[in-house]
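Visitor: Here you go, final.txt (compact mmCIF, C-alpha atoms):
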```txt
# COMPACT_ATOMS: atom_id res chain seq x y z
CA MET A 1 116.92 122.24 75.88
CA LYS A 2 115.49 125.29 74.10
CA THR A 3 112.81 127.04 76.16
CA ILE A 4 110.74 130.19 75.70
CA VAL A 5 110.21 132.09 78.95
CA CYS A 6 107.88 135.02 79.58
CA GLN A 7 110.23 136.96 81.86
CA GLU A 8 107.81 139.84 82.47
CA PRO A 9 104.91 141.48 80.64
CA GLY A 10 105.93 142.17 77.06
CA LYS A 11 109.18 140.19 77.27
CA MET A 12 109.61 136.68 75.83
CA GLU A 13 113.08 135.11 75.69
CA LEU A 14 114.49 131.98 74.07
CA VAL A 15 116.86 130.44 76.63
CA GLU A 16 118.55 127.15 77.46
CA THR A 17 117.19 125.14 80.40
CA GLU A 18 117.73 121.63 81.72
CA ALA A 19 115.67 118.82 80.21
CA PRO A 20 113.42 116.93 82.65
CA ALA A 21 114.94 114.00 84.55
CA HIS A 22 113.64 110.45 84.48
CA PRO A 23 109.89 110.19 85.10
CA ALA A 24 108.37 108.97 88.35
CA ASP A 25 106.47 105.68 88.24
CA ASP A 26 103.22 107.38 87.13
CA GLU A 27 104.75 110.01 84.81
CA VAL A 28 105.82 110.31 81.19
CA ILE A 29 108.31 112.54 79.41
CA LEU A 30 107.10 114.03 76.14
CA GLN A 31 108.99 115.49 73.23
CA VAL A 32 106.84 118.54 72.54
CA LYS A 33 105.75 118.79 68.90
CA ARG A 34 103.19 121.60 68.69
CA ILE A 35 102.06 124.39 71.01
CA GLY A 36 98.92 126.42 70.47
CA ILE A 37 98.90 130.09 71.46
CA CYS A 38 95.73 131.08 73.26
CA GLY A 39 94.12 133.97 75.10
CA THR A 40 95.70 132.89 78.39
CA ASP A 41 99.19 133.25 76.88
CA ILE A 42 98.28 136.62 75.39
CA HIS A 43 96.88 137.88 78.72
CA ALA A 44 100.08 136.74 80.45
CA TYR A 45 102.22 138.48 77.84
CA ASN A 46 100.18 141.67 78.25
CA GLY A 47 100.26 141.52 82.06
CA ASN A 48 96.55 141.02 82.76
CA GLN A 49 96.28 137.27 83.43
CA PRO A 50 94.72 136.43 86.84
CA PHE A 51 96.51 133.96 89.15
CA PHE A 52 99.87 134.58 87.47
CA THR A 53 103.50 135.21 88.46
CA TYR A 54 106.65 135.84 86.41
CA PRO A 55 108.90 134.47 85.05
CA ARG A 56 106.83 131.65 83.53
CA ILE A 57 107.11 129.16 80.70
CA LEU A 58 103.81 129.57 78.87
CA GLY A 59 101.96 127.00 76.78
CA HIS A 60 99.17 124.61 77.71
CA GLU A 61 97.77 123.62 74.30
CA LEU A 62 100.18 120.79 73.61
CA SER A 63 100.86 117.74 71.51
CA GLY A 64 103.89 115.54 71.95
CA GLU A 65 105.50 112.18 71.45
CA VAL A 66 106.04 109.91 74.44
CA SER A 67 109.80 109.46 74.85
CA GLU A 68 110.00 107.81 78.27
CA VAL A 69 107.43 106.21 80.60
CA GLY A 70 107.42 105.49 84.32
CA ARG A 71 107.45 101.92 85.55
CA ALA A 72 103.76 101.88 86.51
CA VAL A 73 102.45 103.43 83.29
CA SER A 74 100.26 101.23 81.09
CA THR A 75 97.99 103.76 79.34
CA VAL A 76 100.62 104.99 76.86
CA LYS A 77 103.90 103.68 75.52
CA LYS A 78 107.06 105.10 74.03
CA GLY A 79 106.40 106.60 70.59
CA ASP A 80 102.70 107.34 71.18
CA LYS A 81 101.26 110.61 69.88
CA VAL A 82 99.36 112.39 72.64
CA SER A 83 97.40 115.49 73.52
CA VAL A 84 98.05 116.93 76.98
CA VAL A 85 95.39 117.69 79.59
CA PRO A 86 97.13 120.67 81.26
CA TYR A 87 94.95 120.89 84.39
CA MET A 88 96.74 119.30 87.35
CA HIS A 89 94.13 118.34 89.95
CA CYS A 90 94.59 116.92 93.43
CA GLY A 91 92.14 114.01 93.14
CA ASN A 92 90.98 114.38 96.76
CA CYS A 93 88.98 117.62 97.12
CA VAL A 94 85.21 117.95 96.99
CA ALA A 95 85.28 118.83 93.27
CA CYS A 96 87.59 115.98 92.30
CA ARG A 97 85.60 113.44 94.32
CA SER A 98 82.49 114.40 92.33
CA GLY A 99 84.26 114.08 88.97
CA LYS A 100 84.70 117.84 88.50
CA THR A 101 88.47 117.72 88.19
CA ASN A 102 88.33 120.80 85.95
CA CYS A 103 87.59 123.02 88.98
CA CYS A 104 89.74 121.31 91.62
CA THR A 105 90.19 123.46 94.73
CA LYS A 106 93.98 123.11 94.34
CA MET A 107 94.05 123.46 90.57
CA SER A 108 97.40 124.10 88.92
CA VAL A 109 97.42 124.72 85.17
CA LEU A 110 100.47 124.26 82.98
CA GLY A 111 101.62 127.61 81.65
CA VAL A 112 99.73 129.52 84.35
CA HIS A 113 100.47 128.22 87.85
CA LEU A 114 103.15 125.77 86.66
CA ASP A 115 105.69 126.04 83.88
CA GLY A 116 104.11 125.01 80.60
CA GLY A 117 105.06 123.50 77.29
CA MET A 118 107.00 126.15 75.38
CA ARG A 119 110.09 123.92 75.52
CA GLU A 120 111.46 120.86 73.81
CA TRP A 121 110.59 118.36 76.55
CA ILE A 122 108.05 118.23 79.36
CA LYS A 123 107.19 115.76 82.14
CA VAL A 124 103.51 115.19 82.97
CA PRO A 125 101.39 112.60 84.79
CA ALA A 126 100.61 109.71 82.45
CA SER A 127 96.91 110.21 83.23
CA HIS A 128 97.14 113.59 81.50
CA ALA A 129 98.60 112.27 78.23
CA ILE A 130 95.72 111.22 75.97
CA PRO A 131 96.59 109.05 72.92
CA VAL A 132 95.49 110.54 69.58
CA HIS A 133 96.92 108.10 67.07
CA ASP A 134 94.76 109.20 64.13
CA LEU A 135 95.26 112.94 64.48
CA THR A 136 98.04 115.18 63.19
CA TRP A 137 100.38 116.97 65.60
CA GLU A 138 98.48 120.20 64.89
CA GLU A 139 95.12 118.60 65.58
CA ALA A 140 96.36 117.05 68.81
CA ALA A 141 97.52 120.49 70.01
CA ILE A 142 94.12 122.11 69.52
CA VAL A 143 92.14 119.44 71.35
CA GLU A 144 92.49 121.50 74.55
CA PRO A 145 90.90 124.78 73.39
CA LEU A 146 88.12 122.89 71.63
CA SER A 147 87.53 120.88 74.81
CA ILE A 148 86.81 124.10 76.70
CA GLY A 149 83.97 124.81 74.29
CA ALA A 150 82.76 121.22 74.48
CA HIS A 151 82.72 121.37 78.28
CA ALA A 152 80.67 124.56 78.30
CA VAL A 153 78.14 122.99 75.94
CA ARG A 154 77.93 119.88 78.13
CA ARG A 155 77.40 122.08 81.19
CA ALA A 156 74.49 123.83 79.48
CA ALA A 157 72.68 120.55 78.66
CA ILE A 158 71.37 121.79 75.32
CA GLN A 159 68.23 120.18 73.96
CA PRO A 160 67.85 119.58 70.19
CA GLY A 161 66.07 122.52 68.55
CA GLU A 162 66.95 124.93 71.36
CA THR A 163 68.23 128.38 70.36
CA VAL A 164 71.56 129.43 71.81
CA LEU A 165 73.54 132.66 71.50
CA VAL A 166 77.34 132.52 71.48
CA ILE A 167 78.93 135.90 72.23
CA GLY A 168 82.52 136.06 71.01
CA ALA A 169 83.70 134.29 67.86
CA GLY A 170 87.29 133.76 68.93
CA PRO A 171 88.75 130.24 69.22
CA ILE A 172 86.78 129.33 72.35
CA GLY A 173 83.50 130.80 71.09
CA LEU A 174 83.96 128.98 67.78
CA GLY A 175 84.29 125.71 69.66
CA VAL A 176 81.17 126.48 71.69
CA ALA A 177 79.23 127.29 68.52
CA ARG A 178 80.38 124.13 66.72
CA PHE A 179 79.61 121.75 69.58
CA ALA A 180 76.28 123.45 70.24
CA LYS A 181 75.46 122.87 66.58
CA LEU A 182 76.46 119.21 66.89
CA GLN A 183 74.01 118.96 69.80
CA GLY A 184 71.21 120.07 67.50
CA ALA A 185 70.95 123.70 68.58
CA ASN A 186 69.89 126.68 66.50
CA VAL A 187 73.05 128.78 66.90
CA ILE A 188 73.28 132.58 66.80
CA ALA A 189 76.83 133.98 66.83
CA MET A 190 77.61 137.52 67.97
CA ASP A 191 80.90 139.41 67.65
CA MET A 192 82.38 142.83 66.92
CA SER A 193 84.08 141.55 63.76
CA ILE A 194 82.21 140.87 60.53
CA GLU A 195 85.10 138.70 59.35
CA ARG A 196 84.97 136.51 62.45
CA LEU A 197 81.21 136.17 62.14
CA GLN A 198 81.57 135.09 58.53
CA PHE A 199 84.17 132.54 59.56
CA CYS A 200 81.91 131.26 62.34
CA GLN A 201 79.02 130.83 59.93
CA GLN A 202 81.21 128.79 57.59
CA TRP A 203 83.30 126.87 60.12
CA ALA A 204 80.81 126.22 62.94
CA GLU A 205 77.73 126.30 60.66
CA SER A 206 76.02 128.86 62.87
CA ASP A 207 72.50 129.66 61.71
CA HIS A 208 72.57 133.43 62.21
CA THR A 209 75.10 136.15 62.96
CA VAL A 210 74.75 139.36 64.96
CA LEU A 211 77.15 142.29 64.75
CA ALA A 212 77.60 143.46 68.34
CA SER A 213 77.92 147.11 67.36
CA ASN A 214 74.63 147.27 65.43
CA GLN A 215 71.57 146.97 67.71
CA PRO A 216 72.28 143.35 68.66
CA ALA A 217 69.19 142.84 70.84
CA GLU A 218 66.88 143.82 68.00
CA ARG A 219 68.70 141.57 65.55
CA ILE A 220 68.51 138.59 67.95
CA LEU A 221 64.76 139.05 68.35
CA GLN A 222 64.40 139.37 64.58
CA VAL A 223 66.10 136.05 63.81
CA ASN A 224 64.54 134.17 66.72
CA ASN A 225 60.82 134.83 66.29
CA GLY A 226 60.70 137.73 68.72
CA GLU A 227 62.25 135.81 71.62
CA TYR A 228 65.63 135.81 73.31
CA PRO A 229 67.65 132.58 73.31
CA THR A 230 67.16 130.10 76.13
CA ILE A 231 70.93 129.69 76.52
CA VAL A 232 73.58 132.40 76.16
CA PHE A 233 77.32 131.66 76.25
CA ASP A 234 79.71 134.56 76.73
CA ALA A 235 83.19 133.67 75.54
CA THR A 236 84.61 137.18 75.38
CA GLY A 237 86.23 137.64 78.77
CA HIS A 238 85.09 141.27 78.48
CA LYS A 239 83.34 142.88 81.45
CA GLY A 240 80.91 144.97 79.41
CA SER A 241 79.88 142.06 77.24
CA MET A 242 79.43 139.74 80.21
CA MET A 243 77.17 142.24 82.00
CA TYR A 244 75.15 142.96 78.84
CA ALA A 245 74.64 139.23 78.30
CA PHE A 246 72.12 139.14 81.17
CA ASP A 247 69.77 141.22 79.01
CA LEU A 248 69.90 138.75 76.12
CA VAL A 249 68.69 135.60 77.91
CA SER A 250 65.06 134.51 77.84
CA HIS A 251 62.94 134.06 80.95
CA GLY A 252 63.81 130.72 82.50
CA GLY A 253 67.06 130.61 80.54
CA LYS A 254 70.72 129.96 81.27
CA LEU A 255 73.75 132.24 81.03
CA VAL A 256 77.12 130.50 80.83
CA PHE A 257 80.34 132.46 81.36
CA VAL A 258 83.07 130.65 79.44
CA GLY A 259 85.43 133.62 79.41
CA LEU A 260 87.25 135.04 82.42
CA VAL A 261 87.83 138.68 83.28
CA LYS A 262 90.04 140.09 86.03
CA ASP A 263 87.29 142.30 87.42
CA GLN A 264 83.95 142.39 89.23
CA ILE A 265 80.70 141.58 87.39
CA SER A 266 77.40 143.13 88.47
CA PHE A 267 73.80 142.69 87.33
CA SER A 268 70.28 143.78 88.19
CA ASP A 269 68.95 141.37 90.80
CA PRO A 270 65.27 142.22 90.14
CA ASP A 271 65.70 141.33 86.46
CA PHE A 272 67.72 138.23 87.34
CA HIS A 273 65.01 137.15 89.78
CA ALA A 274 62.12 137.98 87.44
CA LYS A 275 63.66 135.83 84.70
CA GLU A 276 64.60 133.06 87.16
CA LEU A 277 67.92 132.83 85.33
CA THR A 278 70.51 130.14 85.88
CA LEU A 279 74.03 131.63 85.92
CA MET A 280 76.85 129.18 85.31
CA GLY A 281 80.61 129.34 85.16
CA SER A 282 82.45 126.97 82.86
CA ARG A 283 86.10 126.33 83.68
CA ASN A 284 88.61 124.25 81.75
CA ALA A 285 87.54 120.73 80.71
CA THR A 286 87.67 117.13 81.87
CA ILE A 287 89.34 114.11 80.32
CA GLU A 288 85.89 113.05 79.11
CA ASP A 289 85.60 116.33 77.21
CA PHE A 290 89.01 115.71 75.61
CA GLN A 291 87.92 112.24 74.53
CA TYR A 292 84.67 113.61 73.10
CA VAL A 293 86.54 116.21 71.05
CA ILE A 294 89.03 113.63 69.79
CA ARG A 295 86.16 111.36 68.64
CA ASN A 296 84.54 114.24 66.76
CA MET A 297 87.85 115.12 65.13
CA GLU A 298 88.41 111.51 64.08
CA GLN A 299 84.90 111.42 62.61
CA GLY A 300 85.58 114.52 60.51
CA LYS A 301 83.06 116.72 62.32
CA ILE A 302 85.61 119.45 63.13
CA ASP A 303 87.33 121.46 60.39
CA THR A 304 90.78 121.49 61.96
CA VAL A 305 92.61 122.76 58.86
CA ARG A 306 90.89 126.17 58.73
CA PHE A 307 90.95 126.53 62.53
CA ILE A 308 94.76 126.87 62.44
CA SER A 309 95.64 130.16 60.77
CA GLU A 310 99.42 130.10 61.07
CA THR A 311 102.25 127.77 62.04
CA VAL A 312 105.32 129.52 63.46
CA PRO A 313 108.78 127.94 63.92
CA PHE A 314 109.54 127.58 67.61
CA ALA A 315 112.95 129.25 67.28
CA ALA A 316 111.34 132.44 65.94
CA ALA A 317 108.41 132.56 68.34
CA ALA A 318 109.98 134.61 71.15
CA GLU A 319 110.88 137.56 68.93
CA ARG A 320 107.66 137.30 66.95
CA PHE A 321 105.29 136.86 69.89
CA GLY A 322 104.22 140.50 70.02
CA GLU A 323 103.36 140.39 66.33
CA ILE A 324 101.49 137.10 66.67
CA GLN A 325 99.39 138.14 69.66
CA GLY A 326 98.57 141.47 68.03
CA ASN A 327 97.15 139.91 64.85
CA ARG A 328 93.38 140.03 65.31
CA GLN A 329 92.81 138.17 62.05
CA LEU A 330 94.28 134.97 63.44
CA ILE A 331 92.03 132.20 64.65
CA LYS A 332 94.76 129.97 66.06
CA ALA A 333 98.56 130.20 65.80
CA VAL A 334 100.58 127.07 66.50
CA LEU A 335 104.28 126.82 67.29
CA SER A 336 106.14 123.96 65.59
CA LEU A 337 109.21 122.25 67.00
CA ASP A 338 109.94 120.20 63.85
```
Could you show the structure in this file as structure tokens?
Guide:
Amino acid sequence: MKTIVCQEPGKMELVETEAPAHPADDEVILQVKRIGICGTDIHAYNGNQPFFTYPRILGHELSGEVSEVGRAVSTVKKGDKVSVVPYMHCGNCVACRSGKTNCCTKMSVLGVHLDGGMREWIKVPASHAIPVHDLTWEEAAIVEPLSIGAHAVRRAAIQPGETVLVIGAGPIGLGVARFAKLQGANVIAMDMSIERLQFCQQWAESDHTVLASNQPAERILQVNNGEYPTIVFDATGHKGSMMYAFDLVSHGGKLVFVGLVKDQISFSDPDFHAKELTLMGSRNATIEDFQYVIRNMEQGKIDTVRFISETVPFAAAAERFGEIQGNRQLIKAVLSLD
């Protein structure tokens, strides 16, 4: 089968590999249809992805058609259209036992710790193939990145009417902003790009925008009645932004790190203590988050058409990957195997 392998930083190759063998009793084999390109893939390509080794088949934002099912599988059948939950959890650790499978102590993520979906066929546990009968292949592939935003919003427990700040208007930040809005929040979006902020205001229906390079703290106070937001999400994965975010949270507020940076983060403990801040990490998503996103898509609450900026033929993706990942105007690029 045709497979794209990241051999080393800056080097993607289209090669031939063996197709997966028959599934185990609890597994399914999928014919991959669409693959979203995300920040994790770009970090891997650029050589700055934590927890990563080469060579690796990238790709964890996946949709596919069930082509073969194991004997014990009853949740999906041959021919079903599915979205893939790419987080392989153990089911036995302290996190899994409490329902937090997204931060399993033995977590393995497709395309990061395990070979991912940039290939024609993939074998996954049936429990990780979620039926999406009413969605397109493209929509099914972007359930995963949107679920990360939905999970962060669920972690924050937003109350209707609460003001939240979303720092970073990339694909993950857009999802955070949209789901925060659906929870009834007053949403302020902050980014370095005017174009991305304009897109966020239209797509996520954010209430206000803040250009990060133009006195952002003053602008936030201006649009929020002289107060800082009670919840701040940082979806940048940028050390400087993540450290600055502490200054933008109100007393008694919450700061949620959705992004990940391969570095150390520091902050002023006296200020942290004085504000009695709650600092939270938000990692991956659960099956419940996937199902929530799928419901919102089916109900027309997510503008999936404008979220996908470009569809690239799979056969051309290896040689074009540098160009794709370098295009800062893209919201989401999707590889097509049709």
Visitor: Mind pulling up the distance from CA of Met297 in chain A to CA of Val32 in chain A?
Guide: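 Separating CA of Val32 in chain A from CA of Met297 in chain A is a distance of 20.7 Å.
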Visitor: Taking (103.3, 114.9, 68.2) in the file's own coordinates, collect the residues within 6 Å, counting all atoms listed in the file, and hand them back as a list in words.
Guide: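 Here is the list of nearby residues: Lys33, Ser63, Gly64, Glu65, Lys81 and Trp137 of chain A.
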Visitor: Using only C-alpha atoms, find all polymer residues with an atom at most 12 Å away from the point (82.4, 130.5, 59.1); report them as a list in words.
Guide: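 Within 12 Å of (82.4, 130.5, 59.1), the protein and nucleic acid residues are Ala169, Gly170, Pro171, Leu174, Gly175, Ala177, Arg178, Ala189, Ile194, Glu195, Arg196, Leu197, Gln198, Phe199, Cys200, Gln201, Gln202, Trp203, Ala204, Glu205, Ser206, Asp207, His208, Thr209, Asp303, Arg306, Phe307 and Ile331 of chain A.
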Visitor: Could you pull the residues within 9 Å of Thr230 in chain A, counting all atoms listed in the file, minus those fewer than 5 positions along the same chain, as a VMD selection string?
Guide: chain A and resid 162 to 165 249 to 255
Visitor: In terms of the shortest atom-to-atom distance over all atoms listed in the file, which of A:Ser98, A:Ser83, A:Thr236, A:Ser74 is closest to Val143 in chain A?
Guide: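 Under the stated criterion, the closest residue is A:Ser83.
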Visitor: Which distance in Å separates CA of Ala21 in chain A and CA of Cys6 in chain A, to one decimal?
Guide: 22.7 Å
Visitor: Which residue out of A:Ala185, A:Met192, A:Ile287, A:Ile29 has the minimum interatomic distance to Ile148 in chain A when all atoms listed in the file are used?
Guide: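 So, comparing all the options, the nearest one is A:Ile287.
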Visitor: Have a look at CA of Arg219 in chain A and CA of Asp263 in chain A and let me know their distance in Å, one decimal.
Guide: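 CA of Arg219 in chain A sits 28.7 Å away from CA of Asp263 in chain A.
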Visitor: From the options A:Cys38, A:Glu139, A:Trp121, A:Tyr87, which residue's atoms come nearest to Pro23 in chain A, counting all atoms listed in the file?
Guide: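 Smallest separation from Pro23 in chain A among the options: A:Trp121.
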Visitor: Check the smallest atom-to-atom distance from each of A:Pro131, A:Gly59, A:Gly70, A:Ala245 to Leu335 in chain A using only C-alpha atoms, then report the winner.
Guide: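 So, comparing all the options, the nearest one is A:Gly59.
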Visitor: Any idea what's packed within 9 Å of range 44-57 of chain A, counting all atoms listed in the file, ignoring anything in its chain fewer than 2 positions away? Could you give it as an NGL selection string?
Guide: :A and (3-12 or 39-42 or 59 or 110-119 or 260-262 or 321-322 or 325)
Visitor: Include C-alpha atoms and write out the residues we just selected as a PDB file, in the frame of the given file.
Guide:
```pdb
ATOM      1  CA  THR A   3     112.810 127.040  76.160  1.00  0.00           C
ATOM      2  CA  ILE A   4     110.740 130.190  75.700  1.00  0.00           C
ATOM      3  CA  VAL A   5     110.210 132.090  78.950  1.00  0.00           C
ATOM      4  CA  CYS A   6     107.880 135.020  79.580  1.00  0.00           C
ATOM      5  CA  GLN A   7     110.230 136.960  81.860  1.00  0.00           C
ATOM      6  CA  GLU A   8     107.810 139.840  82.470  1.00  0.00           C
ATOM      7  CA  PRO A   9     104.910 141.480  80.640  1.00  0.00           C
ATOM      8  CA  GLY A  10     105.930 142.170  77.060  1.00  0.00           C
ATOM      9  CA  LYS A  11     109.180 140.190  77.270  1.00  0.00           C
ATOM     10  CA  MET A  12     109.610 136.680  75.830  1.00  0.00           C
ATOM     11  CA  GLY A  39      94.120 133.970  75.100  1.00  0.00           C
ATOM     12  CA  THR A  40      95.700 132.890  78.390  1.00  0.00           C
ATOM     13  CA  ASP A  41      99.190 133.250  76.880  1.00  0.00           C
ATOM     14  CA  ILE A  42      98.280 136.620  75.390  1.00  0.00           C
ATOM     15  CA  GLY A  59     101.960 127.000  76.780  1.00  0.00           C
ATOM     16  CA  LEU A 110     100.470 124.260  82.980  1.00  0.00           C
ATOM     17  CA  GLY A 111     101.620 127.610  81.650  1.00  0.00           C
ATOM     18  CA  VAL A 112      99.730 129.520  84.350  1.00  0.00           C
ATOM     19  CA  HIS A 113     100.470 128.220  87.850  1.00  0.00           C
ATOM     20  CA  LEU A 114     103.150 125.770  86.660  1.00  0.00           C
ATOM     21  CA  ASP A 115     105.690 126.040  83.880  1.00  0.00           C
ATOM     22  CA  GLY A 116     104.110 125.010  80.600  1.00  0.00           C
ATOM     23  CA  GLY A 117     105.060 123.500  77.290  1.00  0.00           C
ATOM     24  CA  MET A 118     107.000 126.150  75.380  1.00  0.00           C
ATOM     25  CA  ARG A 119     110.090 123.920  75.520  1.00  0.00           C
ATOM     26  CA  LEU A 260      87.250 135.040  82.420  1.00  0.00           C
ATOM     27  CA  VAL A 261      87.830 138.680  83.280  1.00  0.00           C
ATOM     28  CA  LYS A 262      90.040 140.090  86.030  1.00  0.00           C
ATOM     29  CA  PHE A 321     105.290 136.860  69.890  1.00  0.00           C
ATOM     30  CA  GLY A 322     104.220 140.500  70.020  1.00  0.00           C
ATOM     31  CA  GLN A 325      99.390 138.140  69.660  1.00  0.00           C
TER      32      GLN A 325
END
```
Visitor: Return the single residue from A:Val187, A:Val210, A:Thr101, A:Glu138 that is closest to Arg283 in chain A, with distances computed using all atoms listed in the file.
Guide: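 Residue with the minimum atom-to-atom distance to Arg283 in chain A: A:Thr101.
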Visitor: When you look at Ala24 in chain A with a cut-off of 9 Å (counting all atoms listed in the file), what residues show up, excluding the ones that are within fewer than 5 positions of it in the same chain? I need them as JSON, numbers by chain.
Guide: {"A": [69, 70, 71, 72, 125]}
